[in-house]
>>> print(open('data38.txt').read())   # compact mmCIF, C-alpha atoms
# COMPACT_ATOMS: atom_id res chain seq x y z
CA MET D 111 42.16 -4.51 -74.74
CA THR D 112 45.68 -5.59 -73.78
CA PRO D 113 47.62 -2.69 -72.23
CA ALA D 114 50.65 -1.46 -74.15
CA ILE D 115 52.57 -1.45 -70.84
CA GLU D 116 51.45 -3.16 -67.65
CA ILE D 117 53.44 -2.70 -64.44
CA ILE D 118 52.19 -4.53 -61.36
CA ASP D 119 53.67 -3.94 -57.88
CA VAL D 120 57.24 -3.66 -59.12
CA THR D 121 60.06 -3.28 -56.61
CA LYS D 122 63.78 -2.94 -57.16
CA ARG D 123 66.52 -2.97 -54.56
CA TYR D 124 70.22 -2.26 -54.95
CA GLY D 125 71.57 -3.52 -51.64
CA GLU D 126 70.13 -1.17 -49.02
CA LEU D 127 68.75 1.23 -51.62
CA GLN D 128 65.06 0.84 -52.47
CA ALA D 129 64.92 2.28 -56.00
CA LEU D 130 61.31 1.21 -56.67
CA ALA D 131 58.83 0.52 -53.88
CA GLY D 132 55.74 -1.12 -55.36
CA VAL D 133 55.06 0.75 -58.61
CA SER D 134 51.82 -0.15 -60.39
CA LEU D 135 50.49 1.51 -63.53
CA SER D 136 49.31 0.70 -67.03
CA VAL D 137 49.56 2.52 -70.35
CA GLU D 138 46.90 1.92 -72.98
CA PRO D 139 47.69 1.41 -76.68
CA GLY D 140 47.95 4.72 -78.51
CA GLU D 141 48.47 6.83 -75.39
CA PHE D 142 51.02 9.63 -75.05
CA PHE D 143 52.02 9.04 -71.43
CA GLY D 144 54.30 11.13 -69.23
CA LEU D 145 56.53 9.68 -66.50
CA LEU D 146 57.81 12.54 -64.34
CA GLY D 147 59.79 12.87 -61.16
CA PRO D 148 62.87 14.51 -59.62
CA ASN D 149 66.34 13.05 -60.07
CA GLY D 150 66.57 9.73 -58.22
CA ALA D 151 62.81 9.10 -58.28
CA GLY D 152 63.20 5.77 -60.10
CA LYS D 153 62.24 6.70 -63.67
CA THR D 154 65.36 5.35 -65.37
CA THR D 155 65.32 2.24 -63.18
CA LEU D 156 61.77 1.53 -64.32
CA ILE D 157 62.72 2.06 -67.96
CA SER D 158 65.71 -0.27 -67.56
CA ILE D 159 63.33 -2.96 -66.29
CA LEU D 160 61.02 -2.38 -69.25
CA ALA D 161 63.94 -2.69 -71.65
CA GLY D 162 65.33 -5.83 -70.03
CA LEU D 163 68.55 -4.10 -68.92
CA SER D 164 67.67 -4.72 -65.28
CA ARG D 165 65.48 -7.29 -63.56
CA ALA D 166 62.87 -6.26 -60.97
CA THR D 167 63.32 -7.59 -57.44
CA SER D 168 59.61 -8.44 -57.48
CA GLY D 169 56.50 -7.69 -59.50
CA VAL D 170 55.34 -8.18 -63.08
CA VAL D 171 56.06 -6.12 -66.20
CA ARG D 172 54.45 -6.77 -69.58
CA ILE D 173 54.78 -5.01 -72.93
CA MET D 174 51.93 -5.61 -75.38
CA GLY D 175 51.04 -8.66 -73.27
CA HIS D 176 54.58 -10.10 -73.32
CA ASP D 177 56.25 -10.64 -69.96
CA VAL D 178 59.67 -8.95 -70.05
CA ILE D 179 61.28 -12.10 -68.57
CA SER D 180 59.38 -15.16 -69.77
CA GLY D 181 58.33 -13.52 -73.08
CA TYR D 182 61.38 -11.38 -73.60
CA ARG D 183 61.58 -11.84 -77.37
CA GLY D 184 58.10 -10.43 -77.91
CA ALA D 185 58.67 -7.70 -75.32
CA ARG D 186 61.95 -6.54 -76.89
CA SER D 187 60.47 -6.48 -80.39
CA ALA D 188 57.52 -4.40 -79.22
CA LEU D 189 59.69 -1.74 -77.55
CA GLY D 190 61.96 1.04 -78.75
CA VAL D 191 63.92 3.02 -76.15
CA VAL D 192 65.76 6.32 -76.55
CA PRO D 193 68.21 6.40 -73.60
CA GLN D 194 69.54 9.43 -71.76
CA GLU D 195 73.17 8.57 -72.42
CA LEU D 196 74.87 9.06 -75.79
CA VAL D 197 75.76 5.45 -76.64
CA PHE D 198 77.10 4.73 -80.12
CA ASP D 199 79.45 2.48 -82.08
CA PRO D 200 82.34 4.64 -83.39
CA PHE D 201 83.22 2.35 -86.31
CA PHE D 202 80.10 2.80 -88.47
CA THR D 203 78.29 5.46 -90.43
CA VAL D 204 74.77 6.58 -89.52
CA ARG D 205 73.17 4.45 -92.22
CA GLU D 206 75.25 1.40 -91.28
CA THR D 207 74.26 1.85 -87.65
CA LEU D 208 70.57 1.83 -88.56
CA THR D 209 70.97 -1.08 -90.96
CA PHE D 210 72.66 -3.18 -88.29
CA GLN D 211 69.99 -2.18 -85.80
CA SER D 212 67.34 -3.43 -88.25
CA GLY D 213 69.21 -6.72 -88.51
CA TYR D 214 69.13 -7.22 -84.75
CA PHE D 215 65.35 -7.46 -85.09
CA GLY D 216 65.47 -9.74 -88.14
CA LEU D 217 64.44 -7.02 -90.61
CA ARG D 218 65.68 -7.15 -94.20
CA ASP D 219 65.13 -4.62 -96.97
CA ASN D 220 64.35 -1.91 -94.41
CA GLY D 221 65.96 0.84 -96.47
CA ALA D 222 62.76 2.74 -97.29
CA TRP D 223 61.83 3.15 -93.62
CA ILE D 224 65.44 4.03 -92.71
CA ASP D 225 65.32 6.78 -95.36
CA GLU D 226 62.05 8.08 -93.94
CA VAL D 227 63.39 8.14 -90.39
CA LEU D 228 66.58 9.90 -91.56
CA ASP D 229 64.51 12.49 -93.40
CA ASN D 230 62.17 13.18 -90.50
CA LEU D 231 65.09 13.60 -88.10
CA ASP D 232 67.04 15.76 -90.58
CA LEU D 233 69.84 13.18 -90.79
CA THR D 234 69.82 12.52 -94.54
CA ALA D 235 72.86 14.72 -95.14
CA LYS D 236 74.75 12.82 -92.41
CA ALA D 237 73.72 9.32 -93.54
CA ASN D 238 77.24 8.38 -94.70
CA THR D 239 79.09 10.21 -91.92
CA ASN D 240 80.95 8.21 -89.30
CA MET D 241 79.30 8.37 -85.87
CA ARG D 242 82.50 9.73 -84.32
CA ALA D 243 82.28 12.84 -86.49
CA LEU D 244 78.79 13.84 -85.35
CA SER D 245 77.98 16.56 -82.84
CA GLY D 246 76.22 15.65 -79.60
CA GLY D 247 72.86 16.79 -80.97
CA MET D 248 73.28 14.71 -84.12
CA LYS D 249 74.23 11.64 -82.09
CA ARG D 250 71.05 12.07 -80.08
CA ARG D 251 69.06 12.15 -83.34
CA VAL D 252 70.65 8.82 -84.29
CA LEU D 253 69.63 7.36 -80.91
CA VAL D 254 66.05 8.31 -81.70
CA ALA D 255 66.36 6.76 -85.16
CA GLN D 256 67.74 3.53 -83.68
CA ALA D 257 64.75 3.25 -81.35
CA LEU D 258 62.34 3.68 -84.27
CA VAL D 259 64.06 1.61 -86.94
CA HIS D 260 62.11 -1.62 -86.24
CA LYS D 261 58.75 0.23 -86.03
CA PRO D 262 57.98 -0.76 -82.43
CA PRO D 263 54.39 -0.22 -81.23
CA VAL D 264 55.71 1.15 -77.91
CA ILE D 265 58.33 3.91 -77.81
CA VAL D 266 59.99 5.13 -74.59
CA LEU D 267 61.76 8.50 -74.73
CA ASP D 268 64.06 9.05 -71.73
CA GLU D 269 64.97 12.75 -71.73
CA PRO D 270 65.12 12.84 -75.56
CA THR D 271 65.58 16.62 -75.87
CA ALA D 272 68.16 17.12 -73.11
CA GLY D 273 70.85 19.42 -74.46
CA VAL D 274 69.52 19.67 -78.00
CA ASP D 275 68.71 22.76 -80.03
CA VAL D 276 65.26 24.19 -80.60
CA GLU D 277 65.15 23.11 -84.26
CA LEU D 278 65.74 19.45 -83.39
CA ARG D 279 63.25 19.60 -80.54
CA GLN D 280 60.52 20.88 -82.81
CA ALA D 281 61.34 18.39 -85.60
CA LEU D 282 61.43 15.51 -83.13
CA TRP D 283 58.05 16.35 -81.63
CA ARG D 284 56.45 16.72 -85.06
CA PHE D 285 57.67 13.23 -85.94
CA ILE D 286 56.71 11.70 -82.58
CA ARG D 287 53.24 13.26 -82.75
CA ARG D 288 52.81 11.72 -86.18
CA LEU D 289 53.84 8.30 -84.88
CA ASN D 290 51.39 8.70 -82.00
CA ARG D 291 48.58 9.60 -84.44
CA ASP D 292 49.49 6.47 -86.41
CA GLY D 293 48.84 4.38 -83.28
CA HIS D 294 52.22 4.12 -81.58
CA THR D 295 52.23 4.31 -77.79
CA ILE D 296 54.65 6.95 -76.48
CA VAL D 297 56.09 7.13 -72.95
CA LEU D 298 58.05 10.30 -72.20
CA THR D 299 60.30 11.24 -69.31
CA THR D 300 61.47 14.84 -69.28
CA HIS D 301 62.46 17.68 -66.98
CA TYR D 302 60.95 20.14 -69.49
CA LEU D 303 57.50 20.13 -67.95
CA GLU D 304 56.04 22.38 -70.63
CA GLU D 305 56.74 19.55 -73.09
CA ALA D 306 54.89 17.03 -70.92
CA GLU D 307 51.96 19.41 -70.47
CA ALA D 308 51.65 20.02 -74.22
CA LEU D 309 52.14 16.41 -75.33
CA CYS D 310 50.96 13.96 -72.69
CA GLY D 311 47.34 12.97 -72.24
CA ARG D 312 48.07 11.23 -68.92
CA ILE D 313 50.89 11.62 -66.42
CA ALA D 314 52.36 9.60 -63.58
CA MET D 315 54.65 11.28 -61.05
CA LEU D 316 57.25 9.30 -59.11
CA LYS D 317 59.01 10.24 -55.89
CA GLN D 318 61.42 7.98 -54.02
CA GLY D 319 60.34 4.96 -56.03
CA ARG D 320 56.59 5.40 -55.53
CA VAL D 321 53.76 6.73 -57.70
CA VAL D 322 52.51 9.86 -55.93
CA ALA D 323 50.15 11.07 -58.68
CA LEU D 324 48.53 9.45 -61.70
CA ASP D 325 45.78 11.14 -63.71
CA ARG D 326 44.90 12.88 -66.93
CA THR D 327 46.92 16.04 -67.44
CA GLU D 328 43.90 18.36 -67.34
CA ASN D 329 42.69 16.75 -64.10
CA LEU D 330 46.07 17.27 -62.44
CA LEU D 331 46.02 20.92 -63.47
CA GLN D 332 42.49 21.43 -62.11
CA LEU D 333 42.79 19.48 -58.87
CA HIS D 334 46.21 20.48 -57.58
CA ALA D 335 47.38 23.83 -58.85
CA GLY D 336 44.78 26.24 -57.44
CA CYS D 337 45.34 29.66 -59.00
CA GLN D 338 47.85 32.49 -58.85
CA LEU D 339 47.15 36.18 -58.57
CA VAL D 340 49.58 38.90 -59.70
CA LEU D 341 49.02 42.32 -58.14
CA ARG D 342 50.64 45.73 -58.53
CA LEU D 343 49.49 47.88 -55.65
CA GLY D 344 49.46 51.55 -54.76
CA ALA D 345 50.89 50.82 -51.30
CA ALA D 346 52.64 48.05 -49.40
CA LEU D 347 51.03 44.61 -49.35
CA PRO D 348 49.05 44.09 -46.13
CA ALA D 349 50.81 41.79 -43.67
CA ALA D 350 47.80 39.44 -43.63
CA LEU D 351 48.54 38.52 -47.26
CA GLY D 352 52.27 37.98 -46.73
CA PRO D 353 52.10 34.18 -46.33
CA LYS D 354 50.48 33.89 -49.76
CA VAL D 355 53.38 35.56 -51.59
CA VAL D 356 55.44 33.23 -53.77
CA GLU D 357 57.29 35.88 -55.80
CA ARG D 358 58.17 39.56 -55.53
CA ARG D 359 58.95 40.97 -58.96
CA ASP D 360 61.34 43.71 -60.04
CA ASP D 361 58.46 45.90 -61.25
CA GLY D 362 57.03 46.01 -57.72
CA SER D 363 54.27 43.49 -58.32
CA VAL D 364 53.73 40.37 -56.19
CA ARG D 365 52.50 36.89 -57.11
CA LEU D 366 50.20 35.15 -54.65
CA ALA D 367 49.37 31.44 -54.55
CA LEU D 368 45.69 30.76 -53.78
CA PRO D 369 43.82 27.46 -53.28
CA ASP D 370 41.18 28.31 -55.91
CA HIS D 371 39.59 31.18 -57.83
CA ALA D 372 37.07 31.81 -55.06
CA ALA D 373 39.96 32.92 -52.81
CA VAL D 374 40.55 35.97 -55.04
CA GLU D 375 37.58 37.74 -53.45
CA GLY D 376 39.12 37.25 -50.00
CA VAL D 377 42.33 38.93 -51.13
CA LEU D 378 40.41 41.85 -52.60
CA ALA D 379 38.42 42.18 -49.37
CA VAL D 380 41.64 42.51 -47.37
CA LEU D 381 42.90 45.18 -49.76
CA ARG D 382 39.64 47.12 -49.47
CA GLU D 383 39.69 46.96 -45.67
CA THR D 384 43.26 48.26 -45.56
CA HIS D 385 42.59 50.93 -48.23
CA VAL D 386 45.27 49.62 -50.59
CA ALA D 387 44.53 50.46 -54.21
CA VAL D 388 44.94 47.83 -56.92
CA LEU D 389 46.79 49.33 -59.91
CA GLU D 390 47.02 46.11 -61.94
CA MET D 391 45.67 42.58 -61.43
CA GLU D 392 46.14 39.36 -63.38
CA ILE D 393 44.90 35.83 -62.66
CA LEU D 394 47.33 33.24 -63.97
CA GLN D 395 46.32 29.81 -65.18
CA PRO D 396 48.19 27.00 -63.41
CA ASP D 397 50.80 25.04 -65.34
CA LEU D 398 52.29 21.61 -64.86
CA GLU D 399 55.37 22.99 -63.12
CA ASP D 400 53.18 24.44 -60.37
CA VAL D 401 51.36 21.11 -60.02
CA PHE D 402 54.63 19.17 -59.96
CA VAL D 403 56.14 21.33 -57.22
CA GLN D 404 52.99 21.12 -55.10
CA ILE D 405 52.73 17.34 -55.41
CA MET D 406 56.41 16.81 -54.60
CA GLN D 407 56.15 19.04 -51.53
CA ARG D 408 53.02 17.29 -50.27
CA SER D 409 54.27 13.73 -50.85
>>> encode(input="data38.txt", output="structure tokens")
Amino acid sequence: MTPAIEIIDVTKRYGELQALAGVSLSVEPGEFFGLLGPNGAGKTTLISILAGLSRATSGVVRIMGHDVISGYRGARSALGVVPQELVFDPFFTVRETLTFQSGYFGLRDNGAWIDEVLDNLDLTAKANTNMRALSGGMKRRVLVAQALVHKPPVIVLDEPTAGVDVELRQALWRFIRRLNRDGHTIVLTTHYLEEAEALCGRIAMLKQGRVVALDRTENLLQLHAGCQLVLRLGAALPAALGPKVVERRDDGSVRLALPDHAAVEGVLAVLRETHVAVLEMEILQPDLEDVFVQIMQRS
């Protein structure tokens, strides 16, 4: 099966700056894929190359089998991108904006799909409002609608919920999940790691222009996070356990980071030897934020 996105040894330099240093990955059709990394990791640069806004220094990028340079028409038609920045034309209404966007892709009589997109993004009431009169959150909804208006098989969401309210976030994810169930490939970049954990089946993590982790979400959680133990004790924490402390809470409890669940017995053994009573104990399941921090620190 042809990958929805295929990236092979892609590099990008801006003078002395190496923004991408040999990135290789592929996204299969129908996947919900996460692309994570700290600021400056190269995520937006990679998306710009996918969208044809920037050209890689070296390497190959294909979208649904179309090379983004030699087969740019097919690649552009197969891709919808929601950018980070609020970019809009101030002279048109919401509906006019989406109608013109349809025309850029050669689509006529696209009104029924435009109406459906407007409804799912709660924009119907604003359809005849000039773009200048919209709030920041509403403008971001229109950016999402523009990316979807030509029904692309591959959709890239670059920080789509940054600065938006909870209602929009929930409505957006309901719609995007539906598109994914219908077969659309979704690529998400976000700093809200709970979103990535809940939505993405597979995740790649970038740091300084390189892929430092790439696996299924559940595998990343199992292999990297270890476990965390929260204790409220009847006396001071023994000094031997001090290096394991990652948080001291206002209620007097402490949170320890352990390599795995088997290490819990070692902690309890130390407490027994030092005659420190355990008043409360809780084992926390790892989350993607813990994994992300660990991988970034190790890389």
>>> residues_around(input="data38.txt", residues="D:Glu307", least_positions_apart="5", cutoff="8 Å", atoms="all atoms listed in the file", output="ChimeraX atom specification")
/D:327,397-398
>>> residues_around(input="data38.txt", residues="D:Ala281", least_positions_apart="5", cutoff="9 Å", atoms="only C-alpha atoms", output="number ranges by chain")
D: 230-232, 276, 286
>>> residues_around(input="data38.txt", residues="D:Asp219", least_positions_apart="2", cutoff="12 Å", atoms="all atoms listed in the file", output="ChimeraX atom specification")
/D:208-210,212-213,216-217,221-225,259-260
>>> closest_residue(input="data38.txt", among="D:Leu156, D:Ile296, D:Ala185, D:Val266", to="D:Leu309", atoms="all atoms listed in the file")
D:Ile296
>>> closest_residue(input="data38.txt", among="D:Val133, D:Leu389, D:Leu233, D:Leu267", to="D:Glu195", atoms="all atoms listed in the file")
D:Leu267
>>> residues_around(input="data38.txt", residues="D:Leu368", least_positions_apart="5", cutoff="6 Å", atoms="only C-alpha atoms", output="PyMOL selection string")
chain D and resi 336-338
>>> residues_near_point(input="data38.txt", point="(43.5, 51.9, -48.2)", cutoff="12 Å", atoms="only C-alpha atoms", output="number ranges by chain")
D: 343-348, 378-388
>>> residues_around(input="data38.txt", residues="D:Ala314", least_positions_apart="6", cutoff="9 Å", atoms="all atoms listed in the file", output="list in words")
Leu135, Phe143, Gly144, Leu145, Leu146, Gly147, Val321, Val322, Ala323, Leu324, Asp325 and Arg326 of chain D
>>> atom_distance(input="data38.txt", atom1="atom CA of D:Ile115", atom2="atom CA of D:Ser136")
5.5 Å
>>> closest_residue(input="data38.txt", among="D:Thr207, D:Ala151, D:Asp119, D:Arg342", to="D:Arg358", atoms="only C-alpha atoms")
D:Arg342
>>> build_atoms(input="data38.txt", residues="stretch 370-386 of chain D", atoms="N, CA and C atoms", output="mmCIF file, in the coordinates of the input")
data_model
loop_
_atom_site.group_PDB
_atom_site.id
_atom_site.type_symbol
_atom_site.label_atom_id
_atom_site.label_comp_id
_atom_site.auth_asym_id
_atom_site.auth_seq_id
_atom_site.Cartn_x
_atom_site.Cartn_y
_atom_site.Cartn_z
ATOM 1 N N ASP D 370 42.123 28.385 -54.788
ATOM 2 C CA ASP D 370 41.180 28.310 -55.910
ATOM 3 C C ASP D 370 40.788 29.728 -56.292
ATOM 4 N N HIS D 371 39.988 29.849 -57.358
ATOM 5 C CA HIS D 371 39.590 31.180 -57.830
ATOM 6 C C HIS D 371 38.703 31.911 -56.837
ATOM 7 N N ALA D 372 37.952 31.162 -56.037
ATOM 8 C CA ALA D 372 37.070 31.810 -55.060
ATOM 9 C C ALA D 372 37.863 32.608 -54.030
ATOM 10 N N ALA D 373 39.144 32.225 -53.810
ATOM 11 C CA ALA D 373 39.960 32.920 -52.810
ATOM 12 C C ALA D 373 40.374 34.319 -53.259
ATOM 13 N N VAL D 374 40.196 34.636 -54.545
ATOM 14 C CA VAL D 374 40.550 35.970 -55.040
ATOM 15 C C VAL D 374 39.726 37.038 -54.326
ATOM 16 N N GLU D 375 38.438 36.760 -54.118
ATOM 17 C CA GLU D 375 37.580 37.740 -53.450
ATOM 18 C C GLU D 375 38.071 38.038 -52.040
ATOM 19 N N GLY D 376 38.581 37.022 -51.340
ATOM 20 C CA GLY D 376 39.120 37.250 -50.000
ATOM 21 C C GLY D 376 40.313 38.182 -50.006
ATOM 22 N N VAL D 377 41.178 38.039 -51.011
ATOM 23 C CA VAL D 377 42.330 38.930 -51.130
ATOM 24 C C VAL D 377 41.872 40.359 -51.390
ATOM 25 N N LEU D 378 40.916 40.512 -52.295
ATOM 26 C CA LEU D 378 40.410 41.850 -52.600
ATOM 27 C C LEU D 378 39.727 42.482 -51.392
ATOM 28 N N ALA D 379 39.070 41.669 -50.581
ATOM 29 C CA ALA D 379 38.420 42.180 -49.370
ATOM 30 C C ALA D 379 39.455 42.727 -48.394
ATOM 31 N N VAL D 380 40.572 42.030 -48.248
ATOM 32 C CA VAL D 380 41.640 42.510 -47.370
ATOM 33 C C VAL D 380 42.193 43.840 -47.877
ATOM 34 N N LEU D 381 42.373 43.945 -49.189
ATOM 35 C CA LEU D 381 42.900 45.180 -49.760
ATOM 36 C C LEU D 381 41.922 46.339 -49.564
ATOM 37 N N ARG D 382 40.625 46.056 -49.700
ATOM 38 C CA ARG D 382 39.640 47.120 -49.470
ATOM 39 C C ARG D 382 39.653 47.575 -48.014
ATOM 40 N N GLU D 383 39.723 46.617 -47.110
ATOM 41 C CA GLU D 383 39.690 46.960 -45.670
ATOM 42 C C GLU D 383 40.903 47.777 -45.258
ATOM 43 N N THR D 384 42.029 47.536 -45.914
ATOM 44 C CA THR D 384 43.260 48.260 -45.560
ATOM 45 C C THR D 384 43.503 49.466 -46.473
ATOM 46 N N HIS D 385 42.540 49.761 -47.344
ATOM 47 C CA HIS D 385 42.590 50.930 -48.230
ATOM 48 C C HIS D 385 43.823 50.918 -49.137
ATOM 49 N N VAL D 386 44.160 49.745 -49.639
ATOM 50 C CA VAL D 386 45.270 49.620 -50.590
ATOM 51 C C VAL D 386 44.684 49.507 -51.991
#
